[in-house]
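Pasting protein_6.pdb here (PDB, C-alpha atoms and all ligand atoms):
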ATOM      1  CA  MET A 278       0.000   0.000   0.000
ATOM      2  CA  SER A 279       1.509   3.262  -1.059
ATOM      3  CA  ALA A 280       1.320   6.375   1.030
ATOM      4  CA  ALA A 281       2.831   8.472  -1.716
ATOM      5  CA  HIS A 282       1.743  12.064  -2.042
ATOM      6  CA  ARG A 283      -0.326  12.071   1.104
ATOM      7  CA  PRO A 284       0.621  15.142   3.111
ATOM      8  CA  ALA A 285       0.156  14.946   6.821
ATOM      9  CA  PRO A 286      -2.929  16.989   7.726
ATOM     10  CA  GLY A 287      -2.183  20.231   9.454
ATOM     11  CA  ASN A 288       1.343  20.413   8.185
ATOM     12  CA  THR A 289       2.025  23.785   6.635
ATOM     13  CA  ALA A 290       5.566  23.194   5.454
ATOM     14  CA  SER A 291       6.216  23.941   1.837
ATOM     15  CA  ALA A 292       6.082  20.960  -0.456
ATOM     16  CA  ASN A 293       9.356  22.220  -1.849
ATOM     17  CA  THR A 294      11.277  21.842   1.354
ATOM     18  CA  PRO A 295      13.496  18.785   1.355
ATOM     19  CA  LEU A 296      11.386  17.027   3.934
ATOM     20  CA  GLY A 297       8.185  18.356   2.501
ATOM     21  CA  ASN A 298       7.550  15.959  -0.314
ATOM     22  CA  THR A 299       9.098  12.701   0.686
ATOM     23  CA  ALA A 300      10.177  10.755   3.707
ATOM     24  CA  PRO A 301      13.897  11.463   3.922
ATOM     25  CA  THR A 302      16.490   8.870   4.549
ATOM     26  CA  LEU A 303      18.555  10.477   7.255
ATOM     27  CA  ALA A 304      21.683   8.643   6.214
ATOM     28  CA  THR A 305      21.856  10.626   2.995
ATOM     29  CA  ALA A 306      20.264  13.893   4.140
ATOM     30  CA  ARG A 307      22.210  17.086   4.908
ATOM     31  CA  TRP A 308      21.662  18.771   8.211
ATOM     32  CA  PRO A 309      20.217  22.013   6.806
ATOM     33  CA  GLU A 310      17.603  19.937   5.003
ATOM     34  CA  VAL A 311      16.624  18.324   8.244
ATOM     35  CA  GLU A 312      16.691  21.612  10.128
ATOM     36  CA  GLN A 313      14.419  23.294   7.616
ATOM     37  CA  GLY A 314      12.046  20.395   7.204
ATOM     38  CA  PRO A 315       8.797  19.831   9.070
ATOM     39  CA  ARG A 316      10.185  17.009  11.252
ATOM     40  CA  ARG A 317       7.053  15.435  12.620
ATOM     41  CA  LEU A 318       8.103  11.836  13.281
ATOM     42  CA  LEU A 319      11.354   9.891  13.269
ATOM     43  CA  VAL A 320      10.971   6.241  12.282
ATOM     44  CA  VAL A 321      13.696   3.771  13.309
ATOM     45  CA  PRO A 322      13.668   0.208  11.922
ATOM     46  CA  LEU A 323      14.860  -2.331  14.463
ATOM     47  CA  GLY A 324      16.016  -5.777  13.406
ATOM     48  CA  SER A 325      18.476  -8.490  14.328
ATOM     49  CA  LEU A 326      21.461 -10.397  13.044
ATOM     50  CA  GLU A 327      20.656 -13.985  13.836
ATOM     51  CA  GLN A 328      20.451 -17.362  12.220
ATOM     52  CA  HIS A 329      17.403 -17.853  10.032
ATOM     53  CA  GLY A 330      17.832 -21.486   9.136
ATOM     54  CA  PRO A 331      20.081 -22.771   6.366
ATOM     55  CA  HIS A 332      18.148 -20.891   3.695
ATOM     56  CA  LEU A 333      17.640 -17.277   4.831
ATOM     57  CA  PRO A 334      20.239 -14.571   5.509
ATOM     58  CA  LEU A 335      21.124 -13.517   9.013
ATOM     59  CA  ASP A 336      19.736 -10.038   8.497
ATOM     60  CA  THR A 337      16.246 -11.192   7.507
ATOM     61  CA  ASP A 338      14.487  -9.357  10.342
ATOM     62  CA  THR A 339      16.314  -6.135   9.596
ATOM     63  CA  ARG A 340      15.494  -6.308   5.910
ATOM     64  CA  ILE A 341      11.809  -6.835   6.609
ATOM     65  CA  ALA A 342      11.673  -3.923   9.060
ATOM     66  CA  VAL A 343      13.523  -1.673   6.606
ATOM     67  CA  ALA A 344      11.369  -2.680   3.642
ATOM     68  CA  VAL A 345       8.053  -2.158   5.387
ATOM     69  CA  THR A 346       9.280   1.146   6.804
ATOM     70  CA  ALA A 347      10.353   2.381   3.381
ATOM     71  CA  ARG A 348       7.069   1.430   1.784
ATOM     72  CA  ALA A 349       4.861   2.915   4.470
ATOM     73  CA  CYS A 350       6.870   6.113   4.876
ATOM     74  CA  ALA A 351       7.195   6.887   1.170
ATOM     75  CA  GLY A 352       5.823  10.316   0.407
ATOM     76  CA  ARG A 353       4.914  11.189   3.968
ATOM     77  CA  THR A 354       5.589  14.781   4.856
ATOM     78  CA  GLY A 355       7.882  15.326   7.779
ATOM     79  CA  VAL A 356       8.528  11.662   8.438
ATOM     80  CA  GLY A 357      12.226  10.880   8.655
ATOM     81  CA  VAL A 358      13.627   7.382   8.324
ATOM     82  CA  ALA A 359      16.720   6.523  10.351
ATOM     83  CA  PRO A 360      19.199   3.809   9.439
ATOM     84  CA  PRO A 361      18.220   0.511  11.019
ATOM     85  CA  ILE A 362      19.477  -0.840  14.298
ATOM     86  CA  ALA A 363      20.712  -4.064  12.790
ATOM     87  CA  ILE A 364      21.873  -5.998  15.849
ATOM     88  CA  GLY A 365      19.408  -6.661  18.630
ATOM     89  CA  ALA A 366      18.716  -9.163  21.388
ATOM     90  CA  SER A 367      19.126 -12.652  19.945
ATOM     91  CA  GLY A 368      20.612 -14.706  22.735
ATOM     92  CA  GLU A 369      18.244 -17.560  21.944
ATOM     93  CA  HIS A 370      20.174 -18.098  18.719
ATOM     94  CA  ALA A 371      23.639 -17.786  20.239
ATOM     95  CA  ASP A 372      24.470 -21.423  19.503
ATOM     96  CA  PHE A 373      24.462 -20.751  15.781
ATOM     97  CA  PRO A 374      27.600 -19.202  14.267
ATOM     98  CA  GLY A 375      26.916 -15.880  12.616
ATOM     99  CA  THR A 376      24.409 -14.674  15.169
ATOM    100  CA  LEU A 377      25.429 -11.446  16.896
ATOM    101  CA  SER A 378      23.507 -10.123  19.873
ATOM    102  CA  ILE A 379      23.972  -7.255  22.278
ATOM    103  CA  GLY A 380      21.363  -8.613  24.680
ATOM    104  CA  THR A 381      18.317  -7.084  26.276
ATOM    105  CA  GLU A 382      20.042  -4.784  28.751
ATOM    106  CA  ALA A 383      22.398  -3.221  26.225
ATOM    107  CA  LEU A 384      19.634  -2.853  23.657
ATOM    108  CA  THR A 385      17.475  -1.143  26.243
ATOM    109  CA  HIS A 386      20.211   1.419  26.865
ATOM    110  CA  VAL A 387      20.709   1.941  23.154
ATOM    111  CA  LEU A 388      17.024   2.621  22.645
ATOM    112  CA  VAL A 389      16.804   4.945  25.634
ATOM    113  CA  GLU A 390      19.743   7.061  24.514
ATOM    114  CA  LEU A 391      18.526   7.058  20.941
ATOM    115  CA  GLY A 392      15.099   8.218  22.062
ATOM    116  CA  ARG A 393      16.572  10.963  24.208
ATOM    117  CA  HIS A 394      18.719  12.281  21.407
ATOM    118  CA  ALA A 395      16.005  11.971  18.784
ATOM    119  CA  SER A 396      13.747  14.109  20.938
ATOM    120  CA  LEU A 397      16.120  17.049  20.502
ATOM    121  CA  TYR A 398      14.885  17.460  16.952
ATOM    122  CA  TRP A 399      11.845  15.263  16.484
ATOM    123  CA  PRO A 400       8.618  15.553  18.443
ATOM    124  CA  ALA A 401       8.079  11.813  18.308
ATOM    125  CA  MET A 402       9.873   8.567  17.494
ATOM    126  CA  LEU A 403       8.450   5.297  16.209
ATOM    127  CA  LEU A 404      10.351   2.020  16.397
ATOM    128  CA  VAL A 405       9.464  -0.454  13.647
ATOM    129  CA  ASN A 406      10.421  -3.782  15.137
ATOM    130  CA  GLY A 407      11.075  -6.915  13.126
ATOM    131  CA  HIS A 408      12.281  -9.281  15.845
ATOM    132  CA  GLY A 409      10.316 -10.711  18.744
ATOM    133  CA  GLY A 410      13.412 -11.065  20.925
ATOM    134  CA  ASN A 411      13.707  -7.277  21.017
ATOM    135  CA  VAL A 412      10.342  -6.839  22.702
ATOM    136  CA  PRO A 413      11.492  -6.799  26.364
ATOM    137  CA  ALA A 414      14.133  -4.139  25.607
ATOM    138  CA  ILE A 415      11.638  -2.062  23.670
ATOM    139  CA  ASN A 416       9.090  -2.236  26.444
ATOM    140  CA  ASP A 417      11.612  -1.198  29.090
ATOM    141  CA  ALA A 418      13.035   1.617  26.981
ATOM    142  CA  LEU A 419       9.682   3.053  25.997
ATOM    143  CA  LYS A 420       8.476   2.948  29.576
ATOM    144  CA  LEU A 421      11.408   5.075  30.719
ATOM    145  CA  LEU A 422      11.264   7.448  27.753
ATOM    146  CA  ARG A 423       7.575   8.043  28.317
ATOM    147  CA  GLU A 424       8.132   8.649  32.001
ATOM    148  CA  GLU A 425      10.596  11.328  30.908
ATOM    149  CA  GLY A 426       7.842  12.932  28.858
ATOM    150  CA  ARG A 427       9.019  11.876  25.435
ATOM    151  CA  GLN A 428       6.702  10.687  22.675
ATOM    152  CA  CYS A 429       7.949   7.238  21.725
ATOM    153  CA  HIS A 430       5.992   4.470  20.076
ATOM    154  CA  VAL A 431       6.505   1.001  18.676
ATOM    155  CA  TRP A 432       4.962  -0.973  15.872
ATOM    156  CA  HIS A 433       5.689  -4.663  15.478
ATOM    157  CA  ALA A 434       5.868  -6.254  12.056
ATOM    158  CA  ALA A 435       3.192  -8.842  12.679
ATOM    159  CA  ILE A 436       0.398 -10.231  10.565
ATOM    160  CA  ARG A 437      -2.728 -10.390  12.665
ATOM    161  CA  SER A 438      -5.518 -10.320  10.137
ATOM    162  CA  GLY A 439      -5.405 -13.857   8.829
ATOM    163  CA  PRO A 440      -3.524 -15.847   6.257
ATOM    164  CA  PRO A 441      -2.881 -14.888   2.691
ATOM    165  CA  ALA A 442      -5.111 -16.361   0.034
ATOM    166  CA  GLY A 443      -4.631 -20.069  -0.362
ATOM    167  CA  ALA A 444      -2.909 -20.605   2.926
ATOM    168  CA  ASP A 445      -4.619 -22.431   5.720
ATOM    169  CA  MET A 446      -2.296 -21.430   8.478
ATOM    170  CA  GLU A 447      -2.232 -18.504  10.747
ATOM    171  CA  VAL A 448       0.752 -16.446   9.856
ATOM    172  CA  ALA A 449       3.096 -14.066  11.496
ATOM    173  CA  ALA A 450       5.942 -12.067  10.124
ATOM    174  CA  GLN A 451       7.580 -11.531  13.451
ATOM    175  CA  GLU A 452       9.292 -14.197  15.417
ATOM    176  CA  MET A 453       7.347 -15.425  18.328
ATOM    177  CA  GLU A 454      10.392 -15.783  20.431
ATOM    178  CA  PHE A 455      11.520 -15.288  23.949
ATOM    179  CA  PRO A 456      13.938 -12.902  25.614
ATOM    180  CA  ALA A 457      17.598 -13.262  24.946
ATOM    181  CA  ARG A 458      19.387 -15.400  27.470
ATOM    182  CA  ARG A 459      21.654 -13.392  29.652
ATOM    183  CA  ALA A 460      24.457 -14.705  31.755
ATOM    184  CA  ASN A 461      23.328 -12.608  34.679
ATOM    185  CA  ALA A 462      19.667 -12.744  33.936
ATOM    186  CA  THR A 463      17.513 -12.181  36.943
ATOM    187  CA  ARG A 464      14.273 -11.560  35.131
ATOM    188  CA  ARG A 465      12.374 -13.930  32.970
ATOM    189  CA  GLU A 466      10.402 -11.563  30.806
ATOM    190  CA  THR A 467       8.113 -13.042  28.268
ATOM    191  CA  PRO A 468       6.903 -10.899  25.382
ATOM    192  CA  ALA A 469       3.231 -10.145  25.534
ATOM    193  CA  ALA A 470       2.729 -11.968  22.283
ATOM    194  CA  VAL A 471       4.153 -15.114  23.826
ATOM    195  CA  ARG A 472       1.848 -14.923  26.801
ATOM    196  CA  ASP A 473      -1.137 -14.519  24.522
ATOM    197  CA  THR A 474      -1.787 -17.972  23.141
ATOM    198  CA  ARG A 475      -4.273 -16.499  20.690
ATOM    199  CA  SER A 476      -1.471 -14.587  19.053
ATOM    200  CA  PRO A 477      -0.764 -15.395  15.416
ATOM    201  CA  PHE A 478       2.875 -15.470  16.445
ATOM    202  CA  VAL A 479       2.352 -18.948  17.806
ATOM    203  CA  VAL A 480       2.588 -20.468  14.334
ATOM    204  CA  ASP A 481       5.470 -20.249  11.897
ATOM    205  CA  ALA A 482       7.673 -18.626  14.449
ATOM    206  CA  HIS A 483      11.082 -18.341  12.852
ATOM    207  CA  ALA A 484      12.465 -18.760   9.333
ATOM    208  CA  GLY A 485       9.288 -20.542   8.289
ATOM    209  CA  ARG A 486       6.852 -19.906   5.523
ATOM    210  CA  VAL A 487       6.125 -16.265   6.287
ATOM    211  CA  GLU A 488       9.674 -15.011   6.462
ATOM    212  CA  THR A 489      10.728 -17.165   3.530
ATOM    213  CA  SER A 490       7.916 -15.852   1.362
ATOM    214  CA  ILE A 491       8.684 -12.270   2.298
ATOM    215  CA  MET A 492      12.349 -12.736   1.515
ATOM    216  CA  LEU A 493      11.459 -14.335  -1.823
ATOM    217  CA  ALA A 494       9.578 -11.135  -2.589
ATOM    218  CA  LEU A 495      12.322  -8.815  -1.333
ATOM    219  CA  ALA A 496      15.531 -10.577  -2.322
ATOM    220  CA  PRO A 497      14.971 -13.859  -4.182
ATOM    221  CA  ASN A 498      18.647 -14.255  -4.955
ATOM    222  CA  ASP A 499      19.386 -14.357  -1.234
ATOM    223  CA  VAL A 500      17.038 -17.263  -0.507
ATOM    224  CA  ARG A 501      18.451 -20.783  -0.850
ATOM    225  CA  LEU A 502      15.222 -22.613  -1.530
ATOM    226  CA  GLU A 503      17.000 -25.920  -2.022
ATOM    227  CA  ALA A 504      17.984 -25.716   1.658
ATOM    228  CA  ALA A 505      14.548 -24.649   2.904
ATOM    229  CA  VAL A 506      13.283 -27.577   4.941
ATOM    230  CA  PRO A 507      10.995 -27.835   7.968
ATOM    231  CA  GLY A 508      12.407 -27.422  11.433
ATOM    232  CA  GLU A 509      10.556 -27.744  14.723
ATOM    233  CA  THR A 510       6.908 -27.303  13.789
ATOM    234  CA  ARG A 511       5.185 -27.552  17.145
ATOM    235  CA  PRO A 512       3.590 -24.271  18.256
ATOM    236  CA  ILE A 513       5.989 -21.993  20.024
ATOM    237  CA  THR A 514       3.924 -22.177  23.188
ATOM    238  CA  ALA A 515       4.516 -25.924  23.311
ATOM    239  CA  ILE A 516       8.280 -25.617  23.124
ATOM    240  CA  MET A 517       8.793 -22.376  25.012
ATOM    241  CA  ALA A 518      10.155 -23.937  28.170
ATOM    242  CA  GLU A 519      12.695 -25.968  26.241
ATOM    243  CA  LEU A 520      13.694 -22.981  24.141
ATOM    244  CA  ARG A 521      14.236 -20.813  27.169
ATOM    245  CA  ALA A 522      16.199 -23.469  28.983
ATOM    246  CA  HIS A 523      18.453 -24.636  26.190
ATOM    247  CA  GLY A 524      18.233 -22.199  23.256
ATOM    248  CA  THR A 525      17.006 -22.755  19.753
ATOM    249  CA  ARG A 526      19.632 -25.177  18.489
ATOM    250  CA  ARG A 527      18.705 -27.896  20.975
ATOM    251  CA  VAL A 528      15.080 -27.644  19.899
ATOM    252  CA  SER A 529      15.643 -27.208  16.189
ATOM    253  CA  PRO A 530      19.061 -28.276  14.886
ATOM    254  CA  ASN A 531      18.582 -26.469  11.582
ATOM    255  CA  GLY A 532      17.353 -23.311  13.317
ATOM    256  CA  VAL A 533      13.904 -23.262  11.736
ATOM    257  CA  LEU A 534      10.822 -22.983  13.940
ATOM    258  CA  GLY A 535       8.142 -23.606  11.385
ATOM    259  CA  ASP A 536       7.977 -24.926   7.849
ATOM    260  CA  PRO A 537       9.069 -22.928   4.804
ATOM    261  CA  THR A 538       7.451 -25.410   2.427
ATOM    262  CA  GLY A 539       5.120 -23.684   0.002
ATOM    263  CA  SER A 540       6.715 -20.267   0.286
ATOM    264  CA  SER A 541       6.404 -18.019  -2.724
ATOM    265  CA  ALA A 542       7.248 -14.501  -3.766
ATOM    266  CA  ALA A 543       3.596 -13.849  -4.531
ATOM    267  CA  GLU A 544       2.608 -14.794  -1.017
ATOM    268  CA  GLY A 545       5.456 -12.679   0.309
ATOM    269  CA  GLU A 546       4.230  -9.662  -1.609
ATOM    270  CA  GLN A 547       0.767 -10.122  -0.124
ATOM    271  CA  LEU A 548       2.267 -10.275   3.342
ATOM    272  CA  LEU A 549       4.331  -7.174   2.684
ATOM    273  CA  MET A 550       1.221  -5.351   1.542
ATOM    274  CA  GLN A 551      -0.587  -6.358   4.726
ATOM    275  CA  LEU A 552       2.303  -5.226   6.868
ATOM    276  CA  THR A 553       2.670  -1.962   4.979
ATOM    277  CA  ALA A 554      -1.043  -1.240   5.286
ATOM    278  CA  ALA A 555      -0.876  -1.832   9.028
ATOM    279  CA  LEU A 556       2.141   0.434   9.483
ATOM    280  CA  ASP A 557       0.550   3.011   7.201
ATOM    281  CA  LYS A 558      -2.451   3.085   9.516
ATOM    282  CA  LYS A 559      -0.201   3.520  12.529
ATOM    283  CA  LEU A 560       1.680   6.363  10.848
ATOM    284  CA  THR A 561      -1.539   8.106   9.938
ATOM    285  CA  THR A 562      -2.778   7.835  13.488
ATOM    286  CA  LEU A 563       0.451   9.223  14.893
ATOM    287  CA  THR A 564       0.799  12.081  12.441
ATOM    288  CA  THR A 565      -2.784  13.219  12.678
ATOM    289  CA  GLN A 566      -3.371  12.892  16.386
ATOM    290  CA  GLY A 567      -1.578  14.746  19.043
ATOM    291  CA  LEU A 568       2.043  15.003  18.054
ATOM    292  CA  PRO A 569       3.641  17.786  20.056
ATOM    293  CA  PRO A 570       5.196  20.765  18.286
ATOM    294  CA  ARG A 571       8.478  20.323  16.527
ATOM    295  CA  PRO A 572      11.482  21.081  18.727
ATOM    296  CA  SER A 573      13.044  24.317  17.589
TER     297      SER A 573
HETATM  298 ZN    ZN B 601      13.177 -13.390  11.616
END
Output the file's structure as structure tokens, nothing else.
Amino acid sequence: MSAAHRPAPGNTASANTPLGNTAPTLATARWPEVEQGPRRLLVVPLGSLEQHGPHLPLDTDTRIAVAVTARACAGRTGVGVAPPIAIGASGEHADFPGTLSIGTEALTHVLVELGRHASLYWPAMLLVNGHGGNVPAINDALKLLREEGRQCHVWHAAIRSGPPAGADMEVAAQEMEFPARRANATRRETPAAVRDTRSPFVVDAHAGRVETSIMLALAPNDVRLEAAVPGETRPITAIMAELRAHGTRRVSPNGVLGDPTGSSAAEGEQLLMQLTAALDKKLTTLTTQGLPPRPS
């Protein structure tokens, strides 16, 4: 779903200003462009670098968060897109070479400091999260940032509205995972989606059909379909205790929690459209309701 050419209501910035006619990518913007632009909302994709089975790249979550962000933010006035945070909390996949994780505590600090700095120039920040293991850090960071009076929000890349045409499974585009294991862990947080057994996250949790289809749509040359085989296919709620105790590799030697069989680029494009529509709705809500004035 394209949001192109839809100005944010109430925004009086000239359409000719650099931020006035498109969502800027901050990485390539110049500071005067940002200073002069309307600056209503900063969007930060949040992903992971973790094993996604033998067939998907390690940065799958990051790519999905970036892609949905780019699609939903296209053409939105005053919406800036930050580079992604590409390493998150993925301790559950630590037994697989290639995974890199900074853990929940460090990620929480990163998000808090990012939110504090972003608030110098943006009235609000939205995290677009593509990895379920990041949820505890996000929740902790947003709680503190909000207590400090900052406008910070999160949107999770999850399919909640049913399967794509032809599929008989409930689908989710976000891992239904559990908090990263920490050597000094004293808390045993469980993401809200995990606690909710009605959540669509309970099926096709990781590197299964949903993520494989989406990656076939986004980057078909980076998907090794010949290596795409089922992993542990029991619902995540049934294996949660084992996952938390021993990590993913003990439960699923190939790293897949789900079954990528039947994945297709066409299905992936449908899923991307659903995700983009959902984020588009969130962006519209945020940019039309109650954002504070732009910091000077
Ligand atoms: Zn993933």
Atomic separation - atom CA of A:Ala383 relative to atom CA of A:Gly407, Å: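 Atom CA of A:Gly407 sits 17.7 Å away from atom CA of A:Ala383.
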Close residues, stretch 411-428 of chain A itself excluded, 6 Å, only C-alpha atoms, min 6 positions apart in chain, as a ChimeraX atom specification: /A:366,381,384-385,388-389,401,468
Nearby polymer residues, ligand ZN 601 (chain B), at most 6 Å, only C-alpha atoms and all ligand atoms, as a list in words: Thr337, Asp338, His408, Glu452, His483 and Ala484 of chain A
Exercise: stretch 489-505 of chain A partners within 9 Å, all atoms listed in the file, chain neighbours under 2 positions left out, as a PyMOL selection string: chain A and resi 330-334+337+340-341+344+450+484-487+507+533+536-549
For A:Ala359, the nearest of the candidates A:Gly410, A:Leu326, A:Val311, A:Gly380, counting all atoms listed in the file: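 Ranking A:Gly410, A:Leu326, A:Val311, A:Gly380 by distance to A:Ala359, first place goes to A:Val311.
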Residue nearest A:His370 among A:Val356, A:Val506, A:Val321, A:Leu335 (counting only C-alpha atoms): A:Leu335
Atom CA of A:Arg317 to atom CA of A:Thr302, straight-line distance in Å: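 Separation of atom CA of A:Thr302 and atom CA of A:Arg317: 14.0 Å.
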Within 8 Å of file point (4.8, -29.8, 13.1), counting all atoms listed in the file, expressed as a ChimeraX atom specification: /A:509-512,535-536
